Amino acid sequence: MNWEILGIWLGAMLTLCLYSFLYRDNPFYKFAEHLFVGMSAGYWVIYSIENVLKPNWWQQMFPEDGGFNWIWIIPGIFALFMLARIIPKIAGLSRMALGMIIGAGAGVNMVGFFQTNAMAQVKGTIISVSSGGAWDIISNIILVVGVITGLVYFFFSKAHTGIVGKTANVGITILMVAFGASFGYTIMARISLLIGRCQFLIFDWIPTIPRLLGIGG
Amino acid sequence: MASILEKLGNLDRRIIFVLIALSVIIPVTLKLIFPNPVGAEPSRDMYEYVDALPEGCDVLLSFDYGPSTMPELHPMAIALATHLMRKDINVVCMALWPEGASLAQEVMTSVGDSLGKVQYEDWCNLGYKTGGGIMIVRLGSSMNAVFPTDRDNLPWDEIPMLEYISDLTSFDLIITLSAGDPGVPAWVMMAGDRFGVPVGGGCTAVSAPQYYTYLQTGQMVGLLGGLKGAADYETLVGIENGQAIEGMAPQSIAHLVIMSFIIIGNLAYFSQKRKGGRG
């Protein structure tokens, strides 16, 4: 049996099953969807055991050169606490593990996130609108006006009337342009995925049909 | 005219699906190639930064994506690996996404073999490690502690090209190919802003508008956004008929079809509204 051709046919059939949803919901789509969910769950369980639990926990507790590091029992217990959620009587134990994860995540990310996504962005907005070439000046003015009017739109402590209302209208226009750009990029991403599937079907799958039927090479 | 617009406004969505499918299938089948001019864009910034790196320096290439985003990110990976290897730059690969490790191996093996590069001397693949941003912080103090072995379980000390690599600051550039989280934000936040290592990369088109803000602030040296970014890099590197360049013709035609339907939909809406309909 040629495993490569079998793999290509499986991929092609499942792709067509999934795209059949565009016509309407049907058993082929449901079959592919359920297969995907089941396969994903199975794949992730095995992958997590082999690539996360074994190297990061088990092999640390029982090193290859022998011995036993008892300290690694503690994260093991915390991992079991996470599973306690499925037993209502002891579900509270999972909060200890979750608290540790959230605490560590917040501690590491809080300052960094604020620095990267707030402070650096604010700093990037404090720019001279009169330096550089003509295009730079226009670009900087749009940036500064866009940020100020966008912020005014989100200022809800004053009614959006008069000058505040007009400024907020400029802000919402800028926001709409940003959403439009995001929408355009999203379409590009989705079409890219369709192109990838079409390239697979046309250049990988269709050439195998004559081979399977015994026509040509 | 109005009745035609009304009919178009109520067009069965499946007809639109068929037209979009045809707008992709026909150019893909005919292998249409549209010109892809590259202006002063973030892709060019990325190319020029890599091009200015000295021979023999070390670059960390992180494969932070899986098969679902391969059409966009895999061509970027191939183009970047080609550029880096042509310049005799040492490439250390790793992955924040589990499937990324296998994709890295595939790209580096095929590009490396075509350019006569040797694994463990010119490139290596450290594999996947869980933890995202928190793991990157650990890489900032010791790479060896996080990756005691590479993907094939070869100990760190036995890989010649890693002799002078101690932590993230040993790298002249970090490139992330990111399909989401963890990806660009984690590298910019932890490696770029915290350890001061230059960060560049590529991302899916969906994420690109969000990450462009990192360019204006200088937090990233360049960014390849979606299939267009990949096609730009293929053009700049000189890869003829690359997968991304071949994808730009169907991409453009599909966009024209979608734009046409947006215009038709709006005309139908205003026509109905003028007639006093619900719109």
# chains A, B, ... in the order shown; residues from 1 in each chain; ligands from 1
call {"tool": "select_by_dssp", "arguments": {"residues": "segment 58-135 of chain B", "states": "strand (DSSP E)", "output": "PyMOL selection string"}}
result
chain B and resi 58-64+90-95+123-128
call {"tool": "write_last_selection", "arguments": {"atoms": "C-alpha atoms", "output": "mmCIF file, in the first residue's frame"}}
result
data_model
loop_
_atom_site.group_PDB
_atom_site.id
_atom_site.type_symbol
_atom_site.label_atom_id
_atom_site.label_comp_id
_atom_site.auth_asym_id
_atom_site.auth_seq_id
_atom_site.Cartn_x
_atom_site.Cartn_y
_atom_site.Cartn_z
ATOM 1 C CA ASP B 58 23.641 33.783 15.122
ATOM 2 C CA VAL B 59 19.909 34.110 14.514
ATOM 3 C CA LEU B 60 17.113 32.424 16.459
ATOM 4 C CA LEU B 61 14.243 31.346 14.213
ATOM 5 C CA SER B 62 11.124 30.436 16.159
ATOM 6 C CA PHE B 63 8.415 28.411 14.400
ATOM 7 C CA ASP B 64 5.331 29.484 16.314
ATOM 8 C CA ASN B 90 23.998 30.299 11.834
ATOM 9 C CA VAL B 91 20.331 29.476 12.356
ATOM 10 C CA VAL B 92 19.074 28.058 15.650
ATOM 11 C CA CYS B 93 15.449 26.917 15.372
ATOM 12 C CA MET B 94 12.918 26.341 18.112
ATOM 13 C CA ALA B 95 9.138 26.342 18.494
ATOM 14 C CA TRP B 123 21.718 25.047 11.688
ATOM 15 C CA CYS B 124 20.047 23.087 14.435
ATOM 16 C CA ASN B 125 16.543 22.470 15.714
ATOM 17 C CA LEU B 126 16.055 22.669 19.479
ATOM 18 C CA GLY B 127 12.426 21.592 19.184
ATOM 19 C CA TYR B 128 9.315 22.603 21.094
#
call {"tool": "residues_around", "arguments": {"residues": "Leu53 of chain B", "least_positions_apart": "5", "cutoff": "10 Å", "atoms": "only C-alpha atoms", "output": "PyMOL selection string"}}
result
chain B and resi 48+58-59+84+87-89+172-173
call {"tool": "select_by_dssp", "arguments": {"residues": "chain A", "states": "helix (DSSP H, G or I)", "output": "count of residues only"}}
result
177
call {"tool": "interface_residues", "arguments": {"of": "chain B", "to": "chain A", "cutoff": "7 Å", "atoms": "only C-alpha atoms", "output": "PDB file with C-alpha atoms, in the first residue's frame"}}
result
ATOM      1  CA  ARG B  14     -23.903  29.719  -2.409  1.00  0.00           C
ATOM      2  CA  VAL B  24      -9.200  30.978  -6.795  1.00  0.00           C
ATOM      3  CA  ILE B  25      -9.288  27.660  -8.691  1.00  0.00           C
ATOM      4  CA  VAL B  28      -4.208  28.405  -9.409  1.00  0.00           C
ATOM      5  CA  THR B  29      -4.796  25.883 -12.213  1.00  0.00           C
ATOM      6  CA  PRO B  71      -0.326  28.494   3.483  1.00  0.00           C
ATOM      7  CA  GLU B  72       0.667  31.880   4.916  1.00  0.00           C
ATOM      8  CA  THR B 130       5.916  24.673  26.506  1.00  0.00           C
ATOM      9  CA  ILE B 134       7.438  32.587  30.806  1.00  0.00           C
ATOM     10  CA  MET B 189       7.597  41.734  25.318  1.00  0.00           C
ATOM     11  CA  ASP B 193      11.763  44.950  25.503  1.00  0.00           C
ATOM     12  CA  THR B 204      -0.852  35.667   9.672  1.00  0.00           C
ATOM     13  CA  ALA B 205      -2.765  38.444   7.947  1.00  0.00           C
ATOM     14  CA  VAL B 206      -5.405  38.393  10.695  1.00  0.00           C
ATOM     15  CA  PRO B 209      -2.789  45.125  11.857  1.00  0.00           C
ATOM     16  CA  GLN B 216       6.185  52.385  14.448  1.00  0.00           C
ATOM     17  CA  THR B 217       7.612  52.251  17.981  1.00  0.00           C
ATOM     18  CA  GLY B 226       0.237  37.313   5.620  1.00  0.00           C
ATOM     19  CA  LEU B 227       0.622  35.944   2.100  1.00  0.00           C
ATOM     20  CA  GLY B 247      -0.778  32.702  -4.470  1.00  0.00           C
ATOM     21  CA  GLN B 251      -5.610  36.355  -3.935  1.00  0.00           C
TER      22      GLN B 251
END
call {"tool": "residues_around", "arguments": {"residues": "Asn69 of chain A", "least_positions_apart": "4", "cutoff": "12 Å", "atoms": "only C-alpha atoms", "output": "short mmCIF file (atom, residue, chain, number, x, y, z; two decimals) with N, CA and C atoms, in the first residue's frame"}}
result
data_model
loop_
_atom_site.label_atom_id
_atom_site.label_comp_id
_atom_site.auth_asym_id
_atom_site.auth_seq_id
_atom_site.Cartn_x
_atom_site.Cartn_y
_atom_site.Cartn_z
N TRP A 57 8.62 16.95 33.64
CA TRP A 57 8.26 16.53 34.99
C TRP A 57 8.85 15.14 35.32
N TRP A 58 8.44 14.14 34.57
CA TRP A 58 8.84 12.77 34.89
C TRP A 58 10.37 12.60 34.86
N GLN A 59 11.00 13.08 33.76
CA GLN A 59 12.45 12.91 33.64
C GLN A 59 13.23 13.81 34.61
N GLN A 60 12.58 14.85 35.12
CA GLN A 60 13.22 15.67 36.15
C GLN A 60 13.16 14.94 37.50
N MET A 61 12.05 14.23 37.71
CA MET A 61 11.88 13.52 38.98
C MET A 61 12.74 12.25 39.00
N PHE A 62 12.81 11.57 37.88
CA PHE A 62 13.64 10.36 37.76
C PHE A 62 14.69 10.58 36.68
N PRO A 63 15.81 11.27 36.98
CA PRO A 63 16.82 11.56 35.96
C PRO A 63 17.41 10.27 35.38
N GLU A 64 17.95 10.41 34.15
CA GLU A 64 18.50 9.24 33.46
C GLU A 64 19.67 8.62 34.22
N ASP A 65 20.43 9.47 34.93
CA ASP A 65 21.60 8.95 35.65
C ASP A 65 21.22 8.37 37.02
N ILE A 73 7.59 16.04 43.21
CA ILE A 73 6.28 15.50 43.60
C ILE A 73 5.29 16.66 43.76
N ILE A 74 5.81 17.81 44.20
CA ILE A 74 4.92 18.95 44.48
C ILE A 74 4.17 19.41 43.22
N PRO A 75 4.89 19.71 42.09
CA PRO A 75 4.10 20.07 40.89
C PRO A 75 3.17 18.96 40.44
#
call {"tool": "residues_around", "arguments": {"residues": "Asp181 of chain B", "least_positions_apart": "2", "cutoff": "12 Å", "atoms": "only C-alpha atoms", "output": "list in words"}}
result
Asp64, Tyr65, Gly66, Leu96, Trp97, Gly131, Gly132, Gly133, Thr176, Leu177, Ser178, Ala179, Gly183, Val184, Pro185, Ala186, Trp187, Cys203, Thr204 and Ser207 of chain B
call {"tool": "atom_distance", "arguments": {"atom1": "atom CA of Ala230 of chain B", "atom2": "atom CA of Leu14 of chain A"}}
result
27.2 Å
call {"tool": "atom_distance", "arguments": {"atom1": "atom CA of Ser23 of chain B", "atom2": "atom CA of Ala254 of chain B"}}
result
5.3 Å
call {"tool": "closest_residue", "arguments": {"among": "B:Gly242, B:Val111, B:Phe195, B:Val257", "to": "Val18 of chain B", "atoms": "only C-alpha atoms"}}
result
B:Val257
call {"tool": "closest_residue", "arguments": {"among": "B:Met161, B:Ala145, B:Met248, B:Met46", "to": "Val221 of chain B", "atoms": "only C-alpha atoms"}}
result
B:Met46
call {"tool": "atom_distance", "arguments": {"atom1": "atom CA of Pro160 of chain B", "atom2": "atom CA of His74 of chain B"}}
result
27.4 Å
call {"tool": "residues_around", "arguments": {"residues": "Ile172 of chain A", "least_positions_apart": "4", "cutoff": "10 Å", "atoms": "only C-alpha atoms", "output": "compact mmCIF listing (two decimals) with C-alpha atoms, in the first residue's frame"}}
result
# COMPACT_ATOMS: atom_id res chain seq x y z
CA GLY A 146 -6.16 59.83 15.10
CA THR A 149 -9.86 61.91 18.47
CA GLY A 150 -10.02 58.14 19.03
CA LEU A 151 -9.47 58.66 22.75
CA VAL A 152 -12.12 61.41 22.83
CA TYR A 153 -14.64 58.92 21.36
CA PHE A 154 -14.03 56.65 24.36
CA LYS A 166 -17.46 66.54 16.32
CA THR A 167 -14.07 65.35 17.61
CA ALA A 168 -15.59 61.99 18.57
CA MET A 176 -13.76 52.57 11.10
CA VAL A 177 -10.73 52.90 8.82
CA ALA A 178 -8.76 50.73 11.26
call {"tool": "residues_around", "arguments": {"residues": "segment 6-13 of chain B", "least_positions_apart": "4", "cutoff": "9 Å", "atoms": "only C-alpha atoms", "output": "PyMOL selection string"}}
result
(chain A and resi 22) or (chain B and resi 1-2+17-18+261+264-269+271-272)
call {"tool": "residues_around", "arguments": {"residues": "segment 27-31 of chain A", "least_positions_apart": "6", "cutoff": "9 Å", "atoms": "only C-alpha atoms", "output": "ChimeraX atom specification"}}
result
/A:14,16-21
